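See below for data_19.txt, which holds compact mmCIF, C-alpha atoms.
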```
# COMPACT_ATOMS: atom_id res chain seq x y z
CA MET I 1 21.04 59.42 -99.43
CA VAL I 2 18.39 61.25 -97.46
CA THR I 3 15.13 59.29 -97.22
CA TYR I 4 11.86 60.52 -95.71
CA ALA I 5 12.99 63.57 -93.74
CA LEU I 6 9.55 64.49 -92.37
CA ASN I 7 10.52 67.92 -91.03
CA LEU I 8 11.99 68.91 -94.42
CA GLY I 9 9.28 67.42 -96.58
CA LEU I 10 11.81 65.19 -98.36
CA GLU I 11 11.10 61.62 -99.42
CA ARG I 12 14.40 60.92 -101.20
CA LEU I 13 17.42 63.07 -102.02
CA ASP I 14 20.90 62.05 -103.16
CA LEU I 15 22.52 64.75 -101.04
CA ALA I 16 26.04 63.34 -101.21
CA GLY I 17 25.80 63.10 -105.00
CA ALA I 18 24.51 66.65 -105.35
CA LEU I 19 27.31 68.05 -103.18
CA GLU I 20 29.90 65.96 -105.01
CA SER I 21 28.73 67.48 -108.30
CA ALA I 22 29.08 70.97 -106.85
CA TRP I 23 32.33 70.53 -104.92
CA GLY I 24 34.17 67.80 -106.78
CA VAL I 25 34.60 65.92 -103.50
CA ARG I 26 32.13 63.37 -102.14
CA PRO I 27 31.22 64.19 -98.52
CA ALA I 28 30.19 61.80 -95.77
CA ILE I 29 26.49 62.21 -94.94
CA ASP I 30 24.96 61.14 -91.65
CA ASN I 31 22.05 61.82 -89.33
CA ASP I 32 22.58 64.86 -87.10
CA VAL I 33 21.71 62.92 -83.94
CA ASN I 34 24.17 60.18 -84.91
CA VAL I 35 27.05 62.62 -85.20
CA ALA I 36 25.95 64.31 -81.97
CA ALA I 37 26.11 60.94 -80.22
CA LEU I 38 29.59 60.43 -81.61
CA GLY I 39 30.57 63.91 -80.42
CA ALA I 40 29.21 63.28 -76.92
CA TRP I 41 31.15 60.03 -76.76
CA VAL I 42 34.37 61.68 -77.97
CA LEU I 43 33.86 64.47 -75.43
CA ARG I 44 33.71 61.85 -72.68
CA GLY I 45 37.04 60.36 -73.75
CA ARG I 46 35.37 57.64 -75.87
CA THR I 47 33.89 56.06 -72.76
CA PRO I 48 31.83 54.17 -71.83
CA SER I 49 31.71 51.57 -74.59
CA SER I 50 27.91 51.78 -74.71
CA LEU I 51 26.15 55.14 -74.66
CA ALA I 52 22.90 56.64 -75.90
CA TYR I 53 22.59 60.31 -76.74
CA LEU I 54 18.94 61.33 -76.34
CA ASN I 55 18.27 64.46 -78.38
CA LEU I 56 15.40 66.55 -77.02
CA GLY I 57 15.10 69.04 -79.86
CA THR I 58 12.48 69.87 -82.47
CA GLY I 59 11.93 66.11 -82.55
CA LEU I 60 13.00 63.21 -80.33
CA ALA I 61 15.56 60.61 -81.33
CA ALA I 62 18.61 58.84 -79.96
CA GLY I 63 22.10 58.28 -81.32
CA LEU I 64 23.71 55.04 -80.23
CA ILE I 65 27.28 54.02 -79.46
CA LEU I 66 27.45 50.25 -78.95
CA ASN I 67 30.71 48.44 -78.23
CA GLY I 68 32.58 51.59 -79.17
CA GLN I 69 30.93 51.91 -82.58
CA LEU I 70 28.23 54.19 -83.93
CA TRP I 71 25.18 51.99 -84.55
CA ARG I 72 22.94 53.10 -87.43
CA GLY I 73 20.79 49.99 -87.82
CA ALA I 74 19.85 47.99 -90.89
CA ARG I 75 18.31 50.98 -92.70
CA GLY I 76 19.86 53.90 -90.88
CA THR I 77 16.90 54.43 -88.56
CA ALA I 78 18.26 53.08 -85.28
CA GLY I 79 17.27 55.30 -82.36
CA GLU I 80 14.07 56.72 -83.88
CA LEU I 81 12.18 55.99 -80.68
CA GLY I 82 10.19 59.22 -80.92
CA HIS I 83 7.66 57.24 -82.97
CA ILE I 84 7.03 54.74 -80.16
CA SER I 85 3.56 55.20 -78.67
CA VAL I 86 3.42 54.94 -74.88
CA ASP I 87 -0.22 55.97 -74.40
CA PRO I 88 -2.99 55.05 -76.87
CA ALA I 89 -5.12 57.79 -75.31
CA GLY I 90 -2.36 60.40 -75.47
CA PRO I 91 -2.08 63.53 -77.64
CA LEU I 92 -1.65 63.12 -81.39
CA ASP I 93 1.77 63.47 -83.00
CA ALA I 94 2.63 64.91 -86.42
CA ASP I 95 1.85 61.57 -88.08
CA GLY I 96 -1.56 61.44 -86.45
CA LEU I 97 -0.64 58.66 -84.02
CA PRO I 98 -1.59 59.04 -80.33
CA GLY I 99 0.76 59.15 -77.37
CA ALA I 100 4.10 59.05 -79.20
CA LEU I 101 7.23 59.83 -77.19
CA GLU I 102 8.07 62.69 -79.55
CA THR I 103 4.78 64.41 -78.70
CA TYR I 104 5.62 64.34 -75.00
CA ALA I 105 9.34 65.06 -75.13
CA SER I 106 10.20 67.38 -78.01
CA GLY I 107 9.93 71.09 -78.69
CA SER I 108 7.41 70.58 -81.48
CA GLY I 109 5.39 68.22 -79.28
CA LEU I 110 5.15 70.73 -76.45
CA VAL I 111 4.07 73.46 -78.89
CA ARG I 112 1.51 71.17 -80.53
CA GLN I 113 -0.07 70.42 -77.15
CA TRP I 114 0.01 74.10 -76.09
CA ASP I 115 -1.67 75.10 -79.37
CA ALA I 116 -0.97 78.84 -79.23
CA GLU I 117 -0.04 80.73 -82.40
CA GLY I 118 3.64 81.71 -82.56
CA ALA I 119 4.53 79.86 -79.35
CA ILE I 120 7.82 78.09 -78.75
CA ALA I 121 8.62 75.35 -76.26
CA ARG I 122 10.15 77.79 -73.80
CA ASP I 123 6.81 79.62 -73.59
CA VAL I 124 5.18 76.44 -72.29
CA LEU I 125 7.91 75.88 -69.70
CA ASP I 126 7.76 79.51 -68.59
CA ALA I 127 3.98 79.23 -68.18
CA ALA I 128 4.50 76.09 -66.10
CA GLU I 129 6.93 77.99 -63.86
CA ARG I 130 4.19 80.59 -63.34
CA GLY I 131 1.80 77.85 -62.25
CA ASP I 132 -0.45 77.58 -65.31
CA ALA I 133 -2.24 74.25 -64.76
CA ARG I 134 -2.28 73.17 -68.43
CA ALA I 135 1.38 74.07 -68.89
CA VAL I 136 2.28 72.17 -65.69
CA ALA I 137 0.53 69.08 -67.11
CA ILE I 138 2.41 69.40 -70.41
CA ARG I 139 5.69 69.83 -68.53
CA ASP I 140 5.00 66.70 -66.48
CA GLY I 141 4.31 64.95 -69.77
CA LEU I 142 7.78 66.06 -70.87
CA PHE I 143 9.30 64.45 -67.77
CA PHE I 144 7.22 61.32 -68.36
CA GLY I 145 8.31 61.16 -72.00
CA VAL I 146 12.00 61.56 -71.25
CA ALA I 147 11.80 58.98 -68.45
CA SER I 148 10.00 56.55 -70.78
CA ALA I 149 12.64 57.03 -73.48
CA VAL I 150 15.48 56.51 -71.00
CA ARG I 151 13.80 53.39 -69.61
CA ALA I 152 13.30 52.00 -73.13
CA LEU I 153 16.95 52.60 -74.08
CA VAL I 154 18.23 50.90 -70.94
CA LEU I 155 15.85 47.95 -71.19
CA MET I 156 16.50 47.37 -74.90
CA LEU I 157 20.23 48.05 -75.07
CA ASP I 158 21.51 48.20 -71.47
CA VAL I 159 23.61 51.25 -72.31
CA GLU I 160 25.84 52.46 -69.49
CA LYS I 161 24.94 56.13 -69.95
CA VAL I 162 22.05 58.08 -71.44
CA VAL I 163 23.22 61.60 -72.23
CA LEU I 164 20.48 64.23 -72.54
CA GLY I 165 21.02 66.98 -75.08
CA GLY I 166 19.22 69.20 -77.56
CA GLY I 167 17.32 72.44 -77.07
CA LEU I 168 15.09 71.21 -74.23
CA ALA I 169 18.17 70.10 -72.28
CA SER I 170 18.76 73.81 -71.59
CA TYR I 171 15.91 73.51 -69.05
CA GLY I 172 18.67 71.99 -66.92
CA GLU I 173 18.33 70.31 -63.55
CA PRO I 174 14.52 70.61 -63.34
CA LEU I 175 14.39 68.36 -66.42
CA VAL I 176 16.66 65.78 -64.79
CA GLU I 177 14.83 65.95 -61.47
CA GLY I 178 11.42 65.56 -63.09
CA THR I 179 12.63 62.63 -65.17
CA ARG I 180 14.14 60.93 -62.13
CA ARG I 181 10.88 61.33 -60.18
CA HIS I 182 9.07 59.20 -62.74
CA LEU I 183 11.87 56.64 -62.81
CA ALA I 184 11.88 56.49 -59.01
CA ASP I 185 8.12 55.90 -58.95
CA TRP I 186 8.39 53.05 -61.45
CA SER I 187 11.40 51.57 -59.63
CA ALA I 188 9.50 51.63 -56.32
CA ARG I 189 6.91 49.32 -57.91
CA SER I 190 9.34 47.13 -59.87
CA PRO I 191 12.26 45.43 -58.08
CA PHE I 192 13.69 44.49 -61.48
CA LEU I 193 13.67 48.08 -62.72
CA ALA I 194 15.11 49.22 -59.40
CA SER I 195 17.99 46.76 -59.80
CA LEU I 196 18.99 48.47 -63.06
CA ALA I 197 19.60 51.88 -61.42
CA VAL I 198 18.19 53.59 -64.53
CA ALA I 199 18.11 57.06 -62.97
CA ASP I 200 21.82 56.88 -62.17
CA ARG I 201 22.64 56.40 -65.85
CA ILE I 202 21.30 59.83 -66.86
CA GLU I 203 23.78 62.59 -67.63
CA LEU I 204 22.90 66.14 -68.68
CA LEU I 205 25.01 67.60 -71.47
CA ASP I 206 26.11 71.23 -71.49
CA PRO I 207 23.96 72.67 -74.32
CA GLU I 208 26.73 75.12 -75.24
CA VAL I 209 29.12 72.35 -76.32
CA PRO I 210 28.96 71.83 -80.12
CA ILE I 211 28.88 68.04 -79.98
CA ALA I 212 27.42 67.62 -83.48
CA ALA I 213 30.39 69.50 -84.94
CA LEU I 214 32.78 67.40 -82.84
CA GLY I 215 31.13 64.22 -84.05
CA ALA I 216 31.12 65.33 -87.69
CA ALA I 217 34.82 66.15 -87.48
CA ASP I 218 35.54 62.76 -85.95
CA LEU I 219 33.48 61.03 -88.64
CA ALA I 220 35.40 62.90 -91.35
CA GLU I 221 38.69 61.87 -89.75
CA GLN I 222 37.56 58.24 -89.72
CA GLY I 223 36.71 58.53 -93.42
CA SER I 224 40.13 60.01 -94.21
CA GLU I 225 41.89 57.19 -92.39
CA ALA I 226 39.74 54.57 -94.15
CA HIS I 227 40.73 55.98 -97.55
CA GLY I 228 44.40 56.31 -96.72
```

For this file, write the structure as structure tokens.
Amino acid sequence: MVTYALNLGLERLDLAGALESAWGVRPAIDNDVNVAALGAWVLRGRTPSSLAYLNLGTGLAAGLILNGQLWRGARGTAGELGHISVDPAGPLDADGLPGALETYASGSGLVRQWDAEGAIARDVLDAAERGDARAVAIRDGLFFGVASAVRALVLMLDVEKVVLGGGLASYGEPLVEGTRRHLADWSARSPFLASLAVADRIELLDPEVPIAALGAADLAEQGSEAHG
């Protein structure tokens, strides 16, 4: 059952039921970031036992593997940290709330801040590389947002690894370096945060690896085993 998919304009859709009517077989339905997290974990040999996959795509969300199990939460919304506000004076997100992580660290958020017709996130990053002051500020906001999301995941769940993926992950090492700069600054002022070695838990995923497909296949295999 799909409930409130903001980017699709859906409030409620019995997707599994509709596909079962068409195909005669009831499929397993899950969040794309959840199956990507499962795929990233499978790709790493099902280790470590606790892992967060932070998807930096059109939106921002995390998929969670806790104690070797995919964690969906009580209502299937675990990992939706893109809606967490980290700056009450920050830019507005799609819901009209200020300073949300998704505004800082997603493709749609970068484009919303850039506010140029027909632009994509890569245009903002390219402009930052050319030295455009506003683009540089938005890019630093991206690093700040990713660092804030990583810090939140480690502090809340103490996951052993935070794997970065999604379209913005193709920015590569500059993304990791910028994120670690913010984490290093915070750690320099907080002995407790420094003791957690948050920056060392970050891992950049190869954007060419189809982890969502891997995770979906693994989920389907689990379903087959469960039903004999």

For a quick check of your reading of the model, name the residues lying within 9 Å of the coordinate (6.7, 68.3, -80.4), counting all atoms listed in the file, and write them as a PyMOL selection string. chain I and resi 57-60+93-94+102-113+121

Could you tell me how far CA of Asn31 (chain I) lies from CA of Ala61 (chain I), in Å and to one decimal?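 Taking CA of Asn31 (chain I) as the start and CA of Ala61 (chain I) as the end point, the length is 10.4 Å.
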
Any idea what's packed within 10 Å of Leu183 (chain I), counting only C-alpha atoms, ignoring anything in its chain fewer than 2 positions away? Could you give it as a PyMOL selection string? chain I and resi 143-144+146-148+150-151+177-181+185-188+193-194+197-200

Can you build me a table of region 32-124 of chain I residues sitting at most 12 Å from region 159-171 of chain I, with the closest atom pair per residue and its distance in Å to one decimal, using only C-alpha atoms, sorted by chain and residue number, as a Markdown table?
```
| residue | atom | partner | partner_atom | distance |
| --- | --- | --- | --- | --- |
| I:Asp32 | CA | I:Gly166 | CA | 11.0 |
| I:Val33 | CA | I:Gly166 | CA | 9.3 |
| I:Ala36 | CA | I:Gly165 | CA | 8.9 |
| I:Ala37 | CA | I:Val163 | CA | 8.5 |
| I:Leu38 | CA | I:Val163 | CA | 11.4 |
| I:Gly39 | CA | I:Val163 | CA | 11.2 |
| I:Ala40 | CA | I:Val163 | CA | 7.8 |
| I:Trp41 | CA | I:Val163 | CA | 9.3 |
| I:Leu43 | CA | I:Val163 | CA | 11.5 |
| I:Arg44 | CA | I:Val163 | CA | 10.5 |
| I:Thr47 | CA | I:Lys161 | CA | 9.4 |
| I:Pro48 | CA | I:Glu160 | CA | 6.7 |
| I:Ser49 | CA | I:Glu160 | CA | 7.8 |
| I:Ser50 | CA | I:Val159 | CA | 5.0 |
| I:Leu51 | CA | I:Lys161 | CA | 5.0 |
| I:Ala52 | CA | I:Val162 | CA | 4.8 |
| I:Tyr53 | CA | I:Val163 | CA | 4.7 |
| I:Leu54 | CA | I:Leu164 | CA | 5.0 |
| I:Asn55 | CA | I:Gly166 | CA | 4.9 |
| I:Leu56 | CA | I:Gly166 | CA | 4.7 |
| I:Gly57 | CA | I:Gly166 | CA | 4.7 |
| I:Thr58 | CA | I:Gly167 | CA | 7.7 |
| I:Gly59 | CA | I:Gly166 | CA | 9.4 |
| I:Leu60 | CA | I:Gly166 | CA | 9.1 |
| I:Ala61 | CA | I:Gly166 | CA | 10.1 |
| I:Ala62 | CA | I:Val162 | CA | 9.2 |
| I:Gly63 | CA | I:Val163 | CA | 9.7 |
| I:Leu64 | CA | I:Val159 | CA | 8.8 |
| I:Ile65 | CA | I:Val159 | CA | 8.5 |
| I:Leu66 | CA | I:Val159 | CA | 7.7 |
| I:Asn67 | CA | I:Val159 | CA | 9.7 |
| I:Gly68 | CA | I:Val159 | CA | 11.3 |
| I:Tyr104 | CA | I:Leu168 | CA | 11.7 |
| I:Ala105 | CA | I:Leu168 | CA | 8.5 |
| I:Ser106 | CA | I:Leu168 | CA | 7.3 |
| I:Gly107 | CA | I:Leu168 | CA | 6.8 |
| I:Ser108 | CA | I:Leu168 | CA | 10.6 |
| I:Gly109 | CA | I:Leu168 | CA | 11.3 |
| I:Leu110 | CA | I:Leu168 | CA | 10.2 |
| I:Ile120 | CA | I:Leu168 | CA | 11.0 |
| I:Ala121 | CA | I:Leu168 | CA | 7.9 |
| I:Arg122 | CA | I:Leu168 | CA | 8.2 |
| I:Asp123 | CA | I:Leu168 | CA | 11.8 |
| I:Val124 | CA | I:Leu168 | CA | 11.4 |
```

Just to be explicit: take each residue in the selection above, keep C-alpha atoms, and write the result as a PDB file, in the coordinates of the input.
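Saved as again.pdb:
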```
ATOM      1  CA  ASP I  32      22.580  64.860 -87.100  1.00  0.00           C
ATOM      2  CA  VAL I  33      21.710  62.920 -83.940  1.00  0.00           C
ATOM      3  CA  ALA I  36      25.950  64.310 -81.970  1.00  0.00           C
ATOM      4  CA  ALA I  37      26.110  60.940 -80.220  1.00  0.00           C
ATOM      5  CA  LEU I  38      29.590  60.430 -81.610  1.00  0.00           C
ATOM      6  CA  GLY I  39      30.570  63.910 -80.420  1.00  0.00           C
ATOM      7  CA  ALA I  40      29.210  63.280 -76.920  1.00  0.00           C
ATOM      8  CA  TRP I  41      31.150  60.030 -76.760  1.00  0.00           C
ATOM      9  CA  LEU I  43      33.860  64.470 -75.430  1.00  0.00           C
ATOM     10  CA  ARG I  44      33.710  61.850 -72.680  1.00  0.00           C
ATOM     11  CA  THR I  47      33.890  56.060 -72.760  1.00  0.00           C
ATOM     12  CA  PRO I  48      31.830  54.170 -71.830  1.00  0.00           C
ATOM     13  CA  SER I  49      31.710  51.570 -74.590  1.00  0.00           C
ATOM     14  CA  SER I  50      27.910  51.780 -74.710  1.00  0.00           C
ATOM     15  CA  LEU I  51      26.150  55.140 -74.660  1.00  0.00           C
ATOM     16  CA  ALA I  52      22.900  56.640 -75.900  1.00  0.00           C
ATOM     17  CA  TYR I  53      22.590  60.310 -76.740  1.00  0.00           C
ATOM     18  CA  LEU I  54      18.940  61.330 -76.340  1.00  0.00           C
ATOM     19  CA  ASN I  55      18.270  64.460 -78.380  1.00  0.00           C
ATOM     20  CA  LEU I  56      15.400  66.550 -77.020  1.00  0.00           C
ATOM     21  CA  GLY I  57      15.100  69.040 -79.860  1.00  0.00           C
ATOM     22  CA  THR I  58      12.480  69.870 -82.470  1.00  0.00           C
ATOM     23  CA  GLY I  59      11.930  66.110 -82.550  1.00  0.00           C
ATOM     24  CA  LEU I  60      13.000  63.210 -80.330  1.00  0.00           C
ATOM     25  CA  ALA I  61      15.560  60.610 -81.330  1.00  0.00           C
ATOM     26  CA  ALA I  62      18.610  58.840 -79.960  1.00  0.00           C
ATOM     27  CA  GLY I  63      22.100  58.280 -81.320  1.00  0.00           C
ATOM     28  CA  LEU I  64      23.710  55.040 -80.230  1.00  0.00           C
ATOM     29  CA  ILE I  65      27.280  54.020 -79.460  1.00  0.00           C
ATOM     30  CA  LEU I  66      27.450  50.250 -78.950  1.00  0.00           C
ATOM     31  CA  ASN I  67      30.710  48.440 -78.230  1.00  0.00           C
ATOM     32  CA  GLY I  68      32.580  51.590 -79.170  1.00  0.00           C
ATOM     33  CA  TYR I 104       5.620  64.340 -75.000  1.00  0.00           C
ATOM     34  CA  ALA I 105       9.340  65.060 -75.130  1.00  0.00           C
ATOM     35  CA  SER I 106      10.200  67.380 -78.010  1.00  0.00           C
ATOM     36  CA  GLY I 107       9.930  71.090 -78.690  1.00  0.00           C
ATOM     37  CA  SER I 108       7.410  70.580 -81.480  1.00  0.00           C
ATOM     38  CA  GLY I 109       5.390  68.220 -79.280  1.00  0.00           C
ATOM     39  CA  LEU I 110       5.150  70.730 -76.450  1.00  0.00           C
ATOM     40  CA  ILE I 120       7.820  78.090 -78.750  1.00  0.00           C
ATOM     41  CA  ALA I 121       8.620  75.350 -76.260  1.00  0.00           C
ATOM     42  CA  ARG I 122      10.150  77.790 -73.800  1.00  0.00           C
ATOM     43  CA  ASP I 123       6.810  79.620 -73.590  1.00  0.00           C
ATOM     44  CA  VAL I 124       5.180  76.440 -72.290  1.00  0.00           C
TER      45      VAL I 124
END
```

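Here CA of Gly145 (chain I) is placed at a distance of 5.5 Å from CA of Leu101 (chain I).
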
Which of these, I:Val42, I:Ala149, I:Val25, I:Leu70, has the shortest distance to Ile84 (chain I) once you count only C-alpha atoms?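 Smallest separation from Ile84 (chain I) among the options: I:Ala149.
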
Given only C-alpha atoms as the counted atoms, nearest of I:Ala119, I:Ala28, I:Leu153, I:Ala212 to Leu81 (chain I):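 For Leu81 (chain I), the nearest of the candidates is I:Leu153.
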
Rounded to one decimal place, report the CA of Leu214 (chain I)-CA of Arg26 (chain I) distance in Å.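 So the answer is 19.7 Å.
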
For Gly76 (chain I), find every residue with an atom within 10 Å (counting all atoms listed in the file), except residues of its own chain fewer than 5 positions away, and show them as a list in words.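 The residues satisfying every condition are Val2, Thr3, Asp30, Asn31, Asn34 and Trp71 of chain I.
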
Draw an axis-aligned box over all listed atoms of region 54-64 of chain I, pad each side with 3 Å, and write its centre and edge lengths in Å, one decimal, as AutoDock Vina command-line options.
```
--center_x 17.8 --center_y 62.5 --center_z -79.4 --size_x 17.8 --size_y 20.8 --size_z 12.2
```

Show which residues sit within 8 Å of Pro98 (chain I), as a PyMOL selection string. Count all atoms listed in the file, and ignore same-chain residues fewer than 4 positions away. chain I and resi 85+87-93

Any chance you could build region 5-15 of chain I out to all heavy atoms and write it as a compact mmCIF listing (two decimals), keeping the file's coordinate frame?
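Saved the output as result10.txt:
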```txt
# COMPACT_ATOMS: atom_id res chain seq x y z
N ALA I 5 12.72 62.58 -94.79
CA ALA I 5 12.99 63.57 -93.74
C ALA I 5 11.70 64.36 -93.54
O ALA I 5 11.42 65.33 -94.27
CB ALA I 5 14.14 64.48 -94.14
N LEU I 6 10.90 63.94 -92.56
CA LEU I 6 9.55 64.49 -92.37
C LEU I 6 9.56 65.99 -92.17
O LEU I 6 8.76 66.72 -92.74
CB LEU I 6 8.89 63.80 -91.17
CG LEU I 6 7.49 64.27 -90.80
CD1 LEU I 6 6.51 63.95 -91.93
CD2 LEU I 6 7.03 63.59 -89.50
N ASN I 7 10.52 66.49 -91.35
CA ASN I 7 10.52 67.92 -91.03
C ASN I 7 10.96 68.77 -92.20
O ASN I 7 10.77 69.99 -92.19
CB ASN I 7 11.42 68.19 -89.81
CG ASN I 7 12.83 67.72 -90.02
OD1 ASN I 7 13.08 66.77 -90.74
ND2 ASN I 7 13.78 68.37 -89.38
N LEU I 8 11.56 68.17 -93.23
CA LEU I 8 11.99 68.91 -94.42
C LEU I 8 11.09 68.65 -95.63
O LEU I 8 11.29 69.24 -96.69
CB LEU I 8 13.44 68.53 -94.78
CG LEU I 8 14.51 68.84 -93.73
CD1 LEU I 8 15.87 68.34 -94.20
CD2 LEU I 8 14.57 70.33 -93.44
N GLY I 9 10.16 67.74 -95.47
CA GLY I 9 9.28 67.42 -96.58
C GLY I 9 9.98 66.67 -97.70
O GLY I 9 9.59 66.76 -98.86
N LEU I 10 11.03 65.92 -97.36
CA LEU I 10 11.81 65.19 -98.36
C LEU I 10 11.52 63.69 -98.26
O LEU I 10 11.54 63.13 -97.16
CB LEU I 10 13.31 65.40 -98.15
CG LEU I 10 13.86 66.80 -98.44
CD1 LEU I 10 15.33 66.87 -98.03
CD2 LEU I 10 13.72 67.13 -99.92
N GLU I 11 11.27 63.07 -99.40
CA GLU I 11 11.10 61.62 -99.42
C GLU I 11 12.40 60.92 -99.83
O GLU I 11 12.71 59.85 -99.32
CB GLU I 11 9.97 61.22 -100.36
CG GLU I 11 8.60 61.65 -99.85
CD GLU I 11 7.47 61.07 -100.68
OE1 GLU I 11 7.74 60.17 -101.52
OE2 GLU I 11 6.33 61.50 -100.51
N ARG I 12 13.13 61.53 -100.77
CA ARG I 12 14.40 60.92 -101.20
C ARG I 12 15.26 61.98 -101.87
O ARG I 12 14.79 62.69 -102.76
CB ARG I 12 14.14 59.75 -102.17
CG ARG I 12 15.40 58.95 -102.51
CD ARG I 12 15.04 57.72 -103.32
NE ARG I 12 16.21 56.94 -103.67
CZ ARG I 12 16.77 56.03 -102.88
NH1 ARG I 12 16.24 55.79 -101.69
NH2 ARG I 12 17.83 55.35 -103.26
N LEU I 13 16.50 62.10 -101.44
CA LEU I 13 17.42 63.07 -102.02
C LEU I 13 18.84 62.53 -101.96
O LEU I 13 19.34 62.17 -100.88
CB LEU I 13 17.35 64.40 -101.25
CG LEU I 13 18.39 65.46 -101.66
CD1 LEU I 13 18.15 65.93 -103.09
CD2 LEU I 13 18.35 66.64 -100.69
N ASP I 14 19.49 62.47 -103.10
CA ASP I 14 20.90 62.05 -103.16
C ASP I 14 21.76 63.26 -102.79
O ASP I 14 22.34 63.91 -103.67
CB ASP I 14 21.24 61.52 -104.55
CG ASP I 14 22.69 61.03 -104.64
OD1 ASP I 14 23.38 60.99 -103.59
OD2 ASP I 14 23.14 60.71 -105.75
N LEU I 15 21.82 63.55 -101.50
CA LEU I 15 22.52 64.75 -101.04
C LEU I 15 24.02 64.65 -101.29
O LEU I 15 24.65 65.62 -101.74
CB LEU I 15 22.24 64.97 -99.55
CG LEU I 15 22.85 66.21 -98.91
CD1 LEU I 15 22.41 67.47 -99.63
CD2 LEU I 15 22.48 66.28 -97.43
```
